[in-house]
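Accompanying notes for the structure given below.
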Amino acid sequence: MPNLPKYSLDNAKIVWFFLAVLLVGGVVAFGELGKKEDSPFVIKSAAIVTRYPGATPREVEELVTEPIEREIQSMRRVYKITSDSYYGLSKIMIELLPSTPADEMPQMWDELRRKVLGVQPLLPSGASEISVSDDFGDVYGIYYGLSAGEGYDYENLREWAQRIKTELVTVDGVQKVTLFGEQSPVVNVFVSLSALSNFALKPDDVIRILQSQNTLVSSGEKLAGQMEIKMIESGTYKTLGDLADQLLTTPSGRQIRLRDIARVERGYAEPPSSLMRIDGRKGIGIGISTASDRDVVKTGGEIEARLRALLPQIPVGIDLTTLYPENRIAREANNVFIANLLESVAIVILIIMAVMGFRAGLLIGSSLIFSIGGTLLVMQFIGEGLNRTSLAGFIIAMGMLVDNAIVVTDNAQKAMLQGVPRRDALIGGATGPQWGLFGATFIAVCSFLPLYLAPSSVAEIVRPLFVVLAVSLVLSWVLALSQTPLFGSYILKNGSAVRKDPYANRFYRGFDRLLAGLIRRRWLTLGCVALLFAASLAVMGAMPQNFFPNLDKPYFRADCFLPDGYNIRDVERNMARIESWLRRQPAVKHVSVTMGSSPPRYYLASSSFGPRPNFANILVELHSKDSTAVVEERFDRYVRECYPDILVRSSLFKLSPAVEAAIEIGFVGENIDTLVALTGQARQIMSEHPLTTSVRNSWGNKIPVWTPVYSQVKGLRMGISRQAMARQLTLASTGYRLGEFREGDRFMPVLMKDERLGNYDLSNLRTLPLYTPGGRVVPLEQVVDRFDFGYDFGVVKRYNRRRVMMAQCDPVRGANTKEVFGQLLASIREKVELPEGYSLKVFGEEESQEQSNRALAANMPLTFLLIFTALLLLFGGFKKPFVILLMVPLIFIGVVAGLLVTGRMFDFFALLGVLGLVGMNIKNAIVLVDRIGIENRSGKRPYEALLSATRSRVVPVAMASGTTILGMLPLLFDSMFGGMAATIMGGLFVATFLTVLVLPVTYSVFFGVKPDKTDFRS
């Protein structure tokens, strides 16, 4: 390799050019880089929905869910398949392997659709087409709500919501716009059964006539000479008046109109599948998804500009409310992190100036600026955007970026103090440790490698952190060998003619005495360190741990579940009271409630439920993020105390996979009664634990089921079929579908209903009139054997094609989730005896955490192999690498101390901090051990070389650690990265003493370095 420092000094103009490219390119790239709130990742899941009206959950499971699951399980890259079989509905979730490349996802979903297409003919008659939704993971981060007061109906809301959607979908950078809470318009034909009897008509006669009249029929073409004339039959209904005027012929031949026996009205589907309320008013949600490679801040600005032009046209009384503005949140998060970044840069430069002098600080600080600029430029080329994670990567790298420049500058300054000319001192200061610095930089990058390689969605979130660290650290090494010598030739003073010993002062003499004393009592020293290490591990095991920290936002959310069997109108009544309480809280700004299913995924880690008529989701925005935790806790307590029937799961925002419960322990098997018994035992154990709450069953409670048991003998004797009986029951409940009424671009179902529909209950339904072919009317009870009333589950859940039932609970507030889970799992394993063919499986947060940890651990052997190989190549033997690696576990002493002092919990990001500490600690150790080798080769005695090398590394190591520790200060107060900052700060503080005190002692043991009596200084 050419001498890069010498080349840089000899070809200054070339180096200046590249430095200008880095600086200017970095500034331009910063303006062009896509900005998001959080690092995007691909949710590798799809939903498969099939309807089978009239079927029970078990019939849906056997006839619809099972055939589809059987077929799609043969797909490549399938990780797991879960399914819910409801009354008349099958919902299957397929999740691909986390290692599936994002660019292969469209191909995988095409393969899924082909598989599903082959299953369709195997489904029973009456089953709908299978719907595959592969946009399950789309994030509609810019989320609005359109609401209206009294005087406006859903048709007015829909009209303006559709107009806004049409306007926004054309904005550059907008990928999709979705609406939530639109009400489905229907045409209701309320039939009077008494009027039918008067005219001797049967409901079947009306159904047959209306269905035949409202069907489009191709009338063909007719040739007229050389011209082909299309023949169009135009008998379909154009208005509701056409429908009401439909002629019916009675058995006596008399013609009457439909309006004579029925009331034709426009309405909405009842019960609705979903509802939304915004600040106490009916509303429709508008979710906007932006392209993953676009700047959400810029796109959001264009969206807001387009809306400002449209808002004056919206009538007074219809309001557009911003519910979740990802563009504003991303802008604020980026601005805060940029301020933190600038603070870190300033802290690092000021520390260097204070310790090494103004000129050295200026030199090293300039290297830092060029490293950051170059990293931004490379990010622009590789398509990596700016987000919370990548900006945190800059702050983490801040201290390490100056390590190489510190070593080169310190070497040059020491050489110049000893009379070496400036040019020679700069070249020698860079070329001497260049390979040691390269190896240390490579190892620092490798320590974060598991983040990049881990096949996990959680690890995917933090991959930008590795990209930033890898690019910036490699750049810092190149700049230390090129830019630092070049700038040093202008900034640093020339060497003095008088040779000075830079270590001839009180500080270094005191350090020599301390190190000599530790080496003399080497076994006592190492024993004390071992005791500290053991104590830190014991404390770590007792410390509270968390998977992901809460984020600092002026929002909180809550999922609310009423008991199974409640309908959406019951949910609406309860939510209206809860919403009213929330709006009375002074700190609350906006409250939006969605019922029937989850709202559009406005946040990356949002949960998704539905369709479930007993479900509601609440999103609360507060005036200030300082009051979020207080109001959320007060809300949780209020709902639990005042609405004991409602299961509420309120939480602050987290960047973690959403689960139904924090603790889920499931049983997998076939027999439902056995699963109920096993889950019941587990629930009993959970209920007895003092730190658990909201203990429940994943299948929910059983719901009431009323079954008129059709009698073939009685029914056929009277000429009434099972289908005719079911049709009449439908008329008296939800309405019988006759066809569709076409209006513009919309199709509205035409539903025939009994006008007394609201008066029926289980008592008078027994006398529901049924019509015989001869026109005679008989009550329902005359064509059935009996009326059964019982209770059954409303859903059957499966995991990888086997039934699964979970005992679920949440820890009480303040409890250590991991500790509670461990106690429950141990107790359940001990007390619940599994029959043959049944297994226990862990779900919930613990499953997600285990998956992420396994994903990180999968590449740890490769990481340590690369690190050890690099050490082996650097030192050409096994002893020195082994001595360096012995220092790595000891960083836990500092990790525990840092978490205890700051009051932070050990979470996923703290684990990332530990990975970073491995690289930082090894990097410092390499520079010291490499220096010991240089001193040995210069002819010094082993002990003198050990002492001299350590003495020369005290300031560079302390400076590198100090700049990193203080540079992390802005992150310490961040809700997401605070645990990681505490880990790195505490671990690096202790690692500094490990490097300059414990490492030399360990080295002396392994290499038999012993001082002579003359070596001890008084």
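Naming scheme: A, B, ... for chains in displayed order of the structure tokens; residues 1 onward per chain; ligands 1 onward as shown.
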
key: For Met805 of chain A: contacts at 12 Å, only C-alpha atoms, fewer than 2 positions along chain excluded, given as a PyMOL selection string   = chain A and resi 82-84+664-680+682-683+696-700+793+795-799+802-803+807-808+838-843

inquiry  = Write out as a ChimeraX atom specification the set of residues from segment 291-426 of chain A that DSSP, computed on the backbone, places in strand (DSSP E or B).
reply    = /A:318-325,386

Selection file, N, CA and C atoms, as a compact mmCIF listing (two decimals), in the first residue's frame:
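What landed in selection_10.txt:
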```
# COMPACT_ATOMS: atom_id res chain seq x y z
N ILE A 318 -68.44 20.87 8.57
CA ILE A 318 -67.61 19.70 8.27
C ILE A 318 -66.16 20.12 8.48
N ASP A 319 -65.46 19.44 9.35
CA ASP A 319 -64.11 19.85 9.73
C ASP A 319 -63.10 18.74 9.46
N LEU A 320 -61.90 19.15 9.08
CA LEU A 320 -60.79 18.23 8.86
C LEU A 320 -59.82 18.37 10.03
N THR A 321 -59.60 17.27 10.76
CA THR A 321 -58.75 17.28 11.95
C THR A 321 -57.50 16.43 11.69
N THR A 322 -56.36 16.97 12.05
CA THR A 322 -55.11 16.21 11.93
C THR A 322 -55.02 15.27 13.13
N LEU A 323 -55.03 13.96 12.87
CA LEU A 323 -55.00 12.97 13.95
C LEU A 323 -53.59 12.48 14.25
N TYR A 324 -52.79 12.25 13.20
CA TYR A 324 -51.40 11.81 13.40
C TYR A 324 -50.56 12.29 12.22
N PRO A 325 -49.82 13.39 12.40
CA PRO A 325 -49.04 13.95 11.29
C PRO A 325 -47.60 13.43 11.29
N LEU A 386 -32.71 9.66 6.34
CA LEU A 386 -32.51 10.16 7.69
C LEU A 386 -33.74 9.83 8.53
```

request  = Quick one: everything within 7 Å of segment 975-981 of chain A, counting only C-alpha atoms, minus sequence neighbours fewer than 5 positions away in the same chain. Send it as a VMD selection string.
outcome  = chain A and resid 549 to 552 904 to 907 909 to 910 912 to 913 968

Resulting file, chosen residues, all heavy atoms, as a compact mmCIF listing (two decimals), in the first residue's frame:
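Saved result, selection.txt, follows:
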```txt
# COMPACT_ATOMS: atom_id res chain seq x y z
N PRO A 549 -38.44 0.49 24.85
CA PRO A 549 -38.86 1.61 25.71
C PRO A 549 -40.05 2.34 25.12
O PRO A 549 -40.34 2.24 23.92
CB PRO A 549 -37.61 2.51 25.70
CG PRO A 549 -36.97 2.24 24.37
CD PRO A 549 -37.22 0.79 24.07
N ASN A 550 -40.76 3.08 25.98
CA ASN A 550 -41.84 3.94 25.51
C ASN A 550 -41.24 5.15 24.80
O ASN A 550 -40.18 5.64 25.18
CB ASN A 550 -42.70 4.41 26.68
CG ASN A 550 -43.46 3.27 27.32
OD1 ASN A 550 -43.95 2.38 26.64
ND2 ASN A 550 -43.55 3.29 28.64
N LEU A 551 -41.95 5.63 23.77
CA LEU A 551 -41.48 6.80 23.04
C LEU A 551 -42.10 8.06 23.63
O LEU A 551 -43.19 8.02 24.19
CB LEU A 551 -41.84 6.67 21.56
CG LEU A 551 -41.23 5.48 20.82
CD1 LEU A 551 -41.65 5.49 19.36
CD2 LEU A 551 -39.72 5.49 20.94
N ASP A 552 -41.38 9.14 23.47
CA ASP A 552 -41.78 10.42 24.06
C ASP A 552 -42.64 11.17 23.05
O ASP A 552 -42.14 11.93 22.24
CB ASP A 552 -40.51 11.22 24.40
CG ASP A 552 -40.81 12.36 25.34
OD1 ASP A 552 -41.93 12.39 25.87
OD2 ASP A 552 -39.94 13.23 25.52
N ARG A 904 -32.14 3.75 34.17
CA ARG A 904 -32.67 3.18 32.93
C ARG A 904 -32.78 1.67 33.02
O ARG A 904 -32.10 1.04 33.84
CB ARG A 904 -31.76 3.54 31.76
CG ARG A 904 -31.74 5.03 31.43
CD ARG A 904 -32.98 5.42 30.68
NE ARG A 904 -32.99 6.83 30.33
CZ ARG A 904 -33.91 7.39 29.54
NH1 ARG A 904 -34.87 6.65 29.05
NH2 ARG A 904 -33.87 8.67 29.25
N MET A 905 -33.65 1.10 32.15
CA MET A 905 -33.79 -0.35 32.10
C MET A 905 -32.99 -0.91 30.94
O MET A 905 -32.73 -0.22 29.96
CB MET A 905 -35.27 -0.73 31.96
CG MET A 905 -36.07 -0.56 33.22
SD MET A 905 -37.66 -1.46 33.16
CE MET A 905 -38.58 -0.45 32.04
N PHE A 906 -32.62 -2.18 31.09
CA PHE A 906 -31.89 -2.86 30.02
C PHE A 906 -32.90 -3.31 28.98
O PHE A 906 -33.67 -4.25 29.20
CB PHE A 906 -31.12 -4.06 30.57
CG PHE A 906 -30.17 -4.67 29.58
CD1 PHE A 906 -28.92 -4.11 29.37
CD2 PHE A 906 -30.53 -5.78 28.85
CE1 PHE A 906 -28.05 -4.66 28.45
CE2 PHE A 906 -29.67 -6.34 27.92
CZ PHE A 906 -28.41 -5.78 27.72
N ASP A 907 -32.93 -2.63 27.83
CA ASP A 907 -33.87 -2.96 26.77
C ASP A 907 -33.12 -3.33 25.49
O ASP A 907 -31.90 -3.52 25.50
CB ASP A 907 -34.83 -1.79 26.52
CG ASP A 907 -34.10 -0.47 26.26
OD1 ASP A 907 -33.00 -0.50 25.68
OD2 ASP A 907 -34.63 0.60 26.63
N PHE A 909 -32.36 -1.59 22.90
CA PHE A 909 -31.36 -0.63 22.47
C PHE A 909 -30.15 -0.62 23.40
O PHE A 909 -29.04 -0.30 22.98
CB PHE A 909 -31.98 0.76 22.35
CG PHE A 909 -32.94 0.87 21.20
CD1 PHE A 909 -34.30 0.79 21.42
CD2 PHE A 909 -32.49 1.00 19.91
CE1 PHE A 909 -35.19 0.86 20.37
CE2 PHE A 909 -33.36 1.07 18.85
CZ PHE A 909 -34.72 1.00 19.07
N ALA A 910 -30.37 -0.97 24.67
CA ALA A 910 -29.23 -1.13 25.56
C ALA A 910 -28.36 -2.30 25.11
O ALA A 910 -27.13 -2.28 25.21
CB ALA A 910 -29.71 -1.35 27.00
N LEU A 912 -27.95 -3.12 22.03
CA LEU A 912 -27.15 -2.57 20.94
C LEU A 912 -25.96 -1.80 21.49
O LEU A 912 -24.86 -1.82 20.90
CB LEU A 912 -28.00 -1.63 20.08
CG LEU A 912 -29.28 -2.20 19.47
CD1 LEU A 912 -29.92 -1.19 18.52
CD2 LEU A 912 -29.02 -3.50 18.76
N GLY A 913 -26.18 -1.12 22.59
CA GLY A 913 -25.07 -0.41 23.23
C GLY A 913 -23.97 -1.34 23.67
O GLY A 913 -22.78 -1.03 23.55
N MET A 968 -22.41 11.38 24.09
CA MET A 968 -23.67 10.63 24.23
C MET A 968 -24.67 11.34 25.14
O MET A 968 -25.82 10.90 25.25
CB MET A 968 -23.38 9.24 24.81
CG MET A 968 -22.58 8.31 23.92
SD MET A 968 -23.46 7.86 22.43
CE MET A 968 -24.74 6.84 23.13
```

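Taking atom CA of Gly432 of chain A as the reference point, atom CA of Ser938 of chain A is found at 12.8 Å.
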
key: Residue list (alpha helix (DSSP H), DSSP) for segment 595-737 of chain A, as number ranges by chain   = A: 628-642, 672-688, 712-718, 722-731

ask   = Between atom CA of Gly126 of chain A and atom CA of Arg58 of chain A, what is the distance, to one decimal in Å?
value = 16.1 Å

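Residue nearest Pro970 of chain A within the list A:Ile578, A:Val539, A:Ala339, A:Val1009: A:Ala339 [criterion: smallest interatomic distance, only C-alpha atoms].
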
task = Can you pull out every residue within 10 Å of Gly758 of chain A, counting only C-alpha atoms, but drop anything in the same chain fewer than 4 positions away, and send it as a ChimeraX atom specification?
result = /A:732-733,754

key: Selection: 8 Å around segment 397-412 of chain A, only C-alpha atoms, excl. self and same-chain fewer than 4 positions, as a PyMOL selection string   = chain A and resi 344-345+348+360+364-365+367-368+371+393+416+422+425-426+428-430+433+437+469+472-473+476-477+479-481+484+488+920+956+959-965+967

ask   = Which residues come within 9 Å of segment 251-258 of chain A, counting only C-alpha atoms, excluding same-chain residues fewer than 5 positions away, as a PyMOL selection string?
value = chain A and resi 191+199-201+206+243-246+263-264

Write to file, as a PDB file, in the first residue's frame, the residues of the selection just made, with N, CA and C atoms.
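As a result, result_20.pdb now contains:
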```
ATOM      1  N   VAL A 191     -91.153  -4.731   3.874  1.00  0.00           N
ATOM      2  CA  VAL A 191     -92.375  -5.391   3.409  1.00  0.00           C
ATOM      3  C   VAL A 191     -93.348  -5.596   4.574  1.00  0.00           C
ATOM      4  N   PHE A 199    -103.159  -9.637  -0.215  1.00  0.00           N
ATOM      5  CA  PHE A 199    -103.116  -9.811  -1.670  1.00  0.00           C
ATOM      6  C   PHE A 199    -102.754 -11.244  -2.056  1.00  0.00           C
ATOM      7  N   ALA A 200    -102.643 -12.138  -1.049  1.00  0.00           N
ATOM      8  CA  ALA A 200    -102.312 -13.546  -1.296  1.00  0.00           C
ATOM      9  C   ALA A 200    -100.946 -13.700  -1.964  1.00  0.00           C
ATOM     10  N   LEU A 201    -100.032 -12.783  -1.666  1.00  0.00           N
ATOM     11  CA  LEU A 201     -98.661 -12.864  -2.189  1.00  0.00           C
ATOM     12  C   LEU A 201     -97.744 -13.505  -1.153  1.00  0.00           C
ATOM     13  N   VAL A 206     -92.250 -11.944  -4.409  1.00  0.00           N
ATOM     14  CA  VAL A 206     -91.662 -10.603  -4.502  1.00  0.00           C
ATOM     15  C   VAL A 206     -90.171 -10.711  -4.802  1.00  0.00           C
ATOM     16  N   LEU A 243     -88.083   1.447  -8.597  1.00  0.00           N
ATOM     17  CA  LEU A 243     -88.179   0.242  -7.774  1.00  0.00           C
ATOM     18  C   LEU A 243     -89.527   0.178  -7.064  1.00  0.00           C
ATOM     19  N   ALA A 244     -89.943   1.309  -6.499  1.00  0.00           N
ATOM     20  CA  ALA A 244     -91.220   1.341  -5.772  1.00  0.00           C
ATOM     21  C   ALA A 244     -92.413   1.113  -6.703  1.00  0.00           C
ATOM     22  N   ASP A 245     -92.244   1.474  -7.983  1.00  0.00           N
ATOM     23  CA  ASP A 245     -93.334   1.318  -8.945  1.00  0.00           C
ATOM     24  C   ASP A 245     -93.346  -0.050  -9.620  1.00  0.00           C
ATOM     25  N   GLN A 246     -92.467  -0.961  -9.201  1.00  0.00           N
ATOM     26  CA  GLN A 246     -92.432  -2.286  -9.812  1.00  0.00           C
ATOM     27  C   GLN A 246     -93.806  -2.957  -9.668  1.00  0.00           C
ATOM     28  N   ARG A 263     -92.370  -0.361   1.877  1.00  0.00           N
ATOM     29  CA  ARG A 263     -91.798   0.991   1.964  1.00  0.00           C
ATOM     30  C   ARG A 263     -90.351   0.934   1.463  1.00  0.00           C
ATOM     31  N   VAL A 264     -90.024   1.686   0.420  1.00  0.00           N
ATOM     32  CA  VAL A 264     -88.681   1.678  -0.181  1.00  0.00           C
ATOM     33  C   VAL A 264     -87.924   2.909   0.301  1.00  0.00           C
TER      34      VAL A 264
END
```

task = Excluding Ile934 of chain A and any residue of its chain fewer than 4 positions from it, enumerate the residues within 10 Å of it, using only C-alpha atoms, and give them as number ranges by chain.
result = A: 432-433, 928-930, 938-940, 945, 949

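Shortest separation to Ser447 of chain A among A:Ala330, A:Met379, A:Val705, A:Leu866 occurs at residue A:Leu866, atoms counted being only C-alpha atoms.
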
key: Computed interatomic separation between atom CA of Ile618 of chain A and atom CA of Thr594 of chain A (Å)   = 6.6 Å

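Nearest to Asn853 of chain A of all the residues A:Leu363, A:Ile338, A:Ala925, A:Leu911 is A:Leu911, based on only C-alpha atoms.
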
Check which residues of segment 164-251 of chain A sit at most 12 Å from segment 283-304 of chain A using only C-alpha atoms, and return one row each with the closest pair of atoms and their distance in Å to one decimal, ordered by chain and rising number, as CSV.
```
residue,atom,partner,partner_atom,distance
A:Ile164,CA,A:Ile286,CA,8.6
A:Lys165,CA,A:Ile286,CA,7.7
A:Thr166,CA,A:Ile286,CA,11.5
A:Glu167,CA,A:Ile303,CA,9.2
A:Leu168,CA,A:Ile303,CA,6.6
A:Val169,CA,A:Ile288,CA,8.3
A:Thr170,CA,A:Ile303,CA,9.7
A:Val171,CA,A:Ile303,CA,6.7
A:Asp172,CA,A:Thr299,CA,6.9
A:Gly173,CA,A:Thr290,CA,5.7
A:Val174,CA,A:Thr290,CA,4.5
A:Gln175,CA,A:Thr290,CA,4.9
A:Lys176,CA,A:Ser289,CA,5.1
A:Val177,CA,A:Ile288,CA,4.6
A:Thr178,CA,A:Gly287,CA,5.2
A:Leu179,CA,A:Ile286,CA,4.8
A:Phe180,CA,A:Gly285,CA,4.7
A:Gly181,CA,A:Ile284,CA,5.0
A:Glu182,CA,A:Ile284,CA,6.1
A:Gln183,CA,A:Ile284,CA,9.0
```

Could you dump the residues just selected with N, CA, C and O atoms as a CSV table (one decimal), in the first residue's frame?
```
chain,number,residue,atom,x,y,z
A,164,ILE,N,-61.4,14.7,-1.2
A,164,ILE,CA,-60.1,14.9,-0.6
A,164,ILE,C,-59.1,13.8,-1.1
A,164,ILE,O,-58.0,14.1,-1.5
A,165,LYS,N,-59.7,12.6,-1.1
A,165,LYS,CA,-58.8,11.4,-1.6
A,165,LYS,C,-58.4,11.7,-3.0
A,165,LYS,O,-57.2,11.5,-3.4
A,166,THR,N,-59.3,12.1,-3.9
A,166,THR,CA,-59.0,12.3,-5.3
A,166,THR,C,-57.9,13.4,-5.4
A,166,THR,O,-57.0,13.3,-6.3
A,167,GLU,N,-58.0,14.4,-4.6
A,167,GLU,CA,-57.1,15.6,-4.6
A,167,GLU,C,-55.7,15.2,-4.2
A,167,GLU,O,-54.7,15.6,-4.8
A,168,LEU,N,-55.6,14.3,-3.1
A,168,LEU,CA,-54.3,14.0,-2.5
A,168,LEU,C,-53.6,12.9,-3.2
A,168,LEU,O,-52.4,12.8,-3.1
A,169,VAL,N,-54.3,12.0,-3.9
A,169,VAL,CA,-53.6,10.8,-4.5
A,169,VAL,C,-52.7,11.2,-5.6
A,169,VAL,O,-51.8,10.5,-6.0
A,170,THR,N,-52.9,12.5,-6.1
A,170,THR,CA,-52.0,12.9,-7.2
A,170,THR,C,-50.8,13.7,-6.7
A,170,THR,O,-50.0,14.1,-7.5
A,171,VAL,N,-50.7,13.9,-5.4
A,171,VAL,CA,-49.5,14.6,-4.9
A,171,VAL,C,-48.3,13.8,-5.1
A,171,VAL,O,-48.3,12.6,-4.8
A,172,ASP,N,-47.2,14.4,-5.5
A,172,ASP,CA,-46.0,13.7,-5.7
A,172,ASP,C,-45.5,13.1,-4.4
A,172,ASP,O,-45.3,13.8,-3.4
A,173,GLY,N,-45.2,11.8,-4.4
A,173,GLY,CA,-44.7,11.2,-3.2
A,173,GLY,C,-45.8,10.4,-2.4
A,173,GLY,O,-45.5,9.6,-1.6
A,174,VAL,N,-47.1,10.7,-2.8
A,174,VAL,CA,-48.2,9.9,-2.1
A,174,VAL,C,-48.3,8.6,-2.8
A,174,VAL,O,-48.4,8.5,-4.0
A,175,GLN,N,-48.3,7.5,-2.0
A,175,GLN,CA,-48.4,6.2,-2.6
A,175,GLN,C,-49.9,5.7,-2.6
A,175,GLN,O,-50.4,5.2,-3.6
A,176,LYS,N,-50.6,5.9,-1.5
A,176,LYS,CA,-52.0,5.4,-1.4
A,176,LYS,C,-52.7,6.4,-0.4
A,176,LYS,O,-52.2,7.0,0.4
A,177,VAL,N,-54.0,6.4,-0.7
A,177,VAL,CA,-55.0,7.1,0.3
A,177,VAL,C,-56.1,6.2,0.6
A,177,VAL,O,-56.7,5.6,-0.4
A,178,THR,N,-56.4,5.9,1.8
A,178,THR,CA,-57.4,5.0,2.2
A,178,THR,C,-58.4,5.7,3.1
A,178,THR,O,-58.1,6.6,3.8
A,179,LEU,N,-59.7,5.3,3.1
A,179,LEU,CA,-60.7,5.9,3.9
A,179,LEU,C,-61.2,4.8,4.9
A,179,LEU,O,-61.3,3.6,4.6
A,180,PHE,N,-61.5,5.2,6.1
A,180,PHE,CA,-62.0,4.3,7.1
A,180,PHE,C,-63.3,4.9,7.7
A,180,PHE,O,-63.4,6.1,8.0
A,181,GLY,N,-64.3,4.0,7.9
A,181,GLY,CA,-65.5,4.4,8.6
A,181,GLY,C,-66.6,4.8,7.6
A,181,GLY,O,-67.6,5.3,8.1
A,182,GLU,N,-66.3,4.7,6.3
A,182,GLU,CA,-67.4,5.0,5.3
A,182,GLU,C,-68.6,4.0,5.6
A,182,GLU,O,-68.4,2.8,5.8
A,183,GLN,N,-69.8,4.5,5.6
A,183,GLN,CA,-71.0,3.7,5.8
A,183,GLN,C,-71.5,3.2,4.5
A,183,GLN,O,-71.6,3.9,3.5
```

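Minimum atom-to-atom distance to Met686 of chain A, evaluated using only C-alpha atoms, belongs to A:Phe821 out of A:Phe821, A:Phe17, A:Phe1006, A:Phe878.
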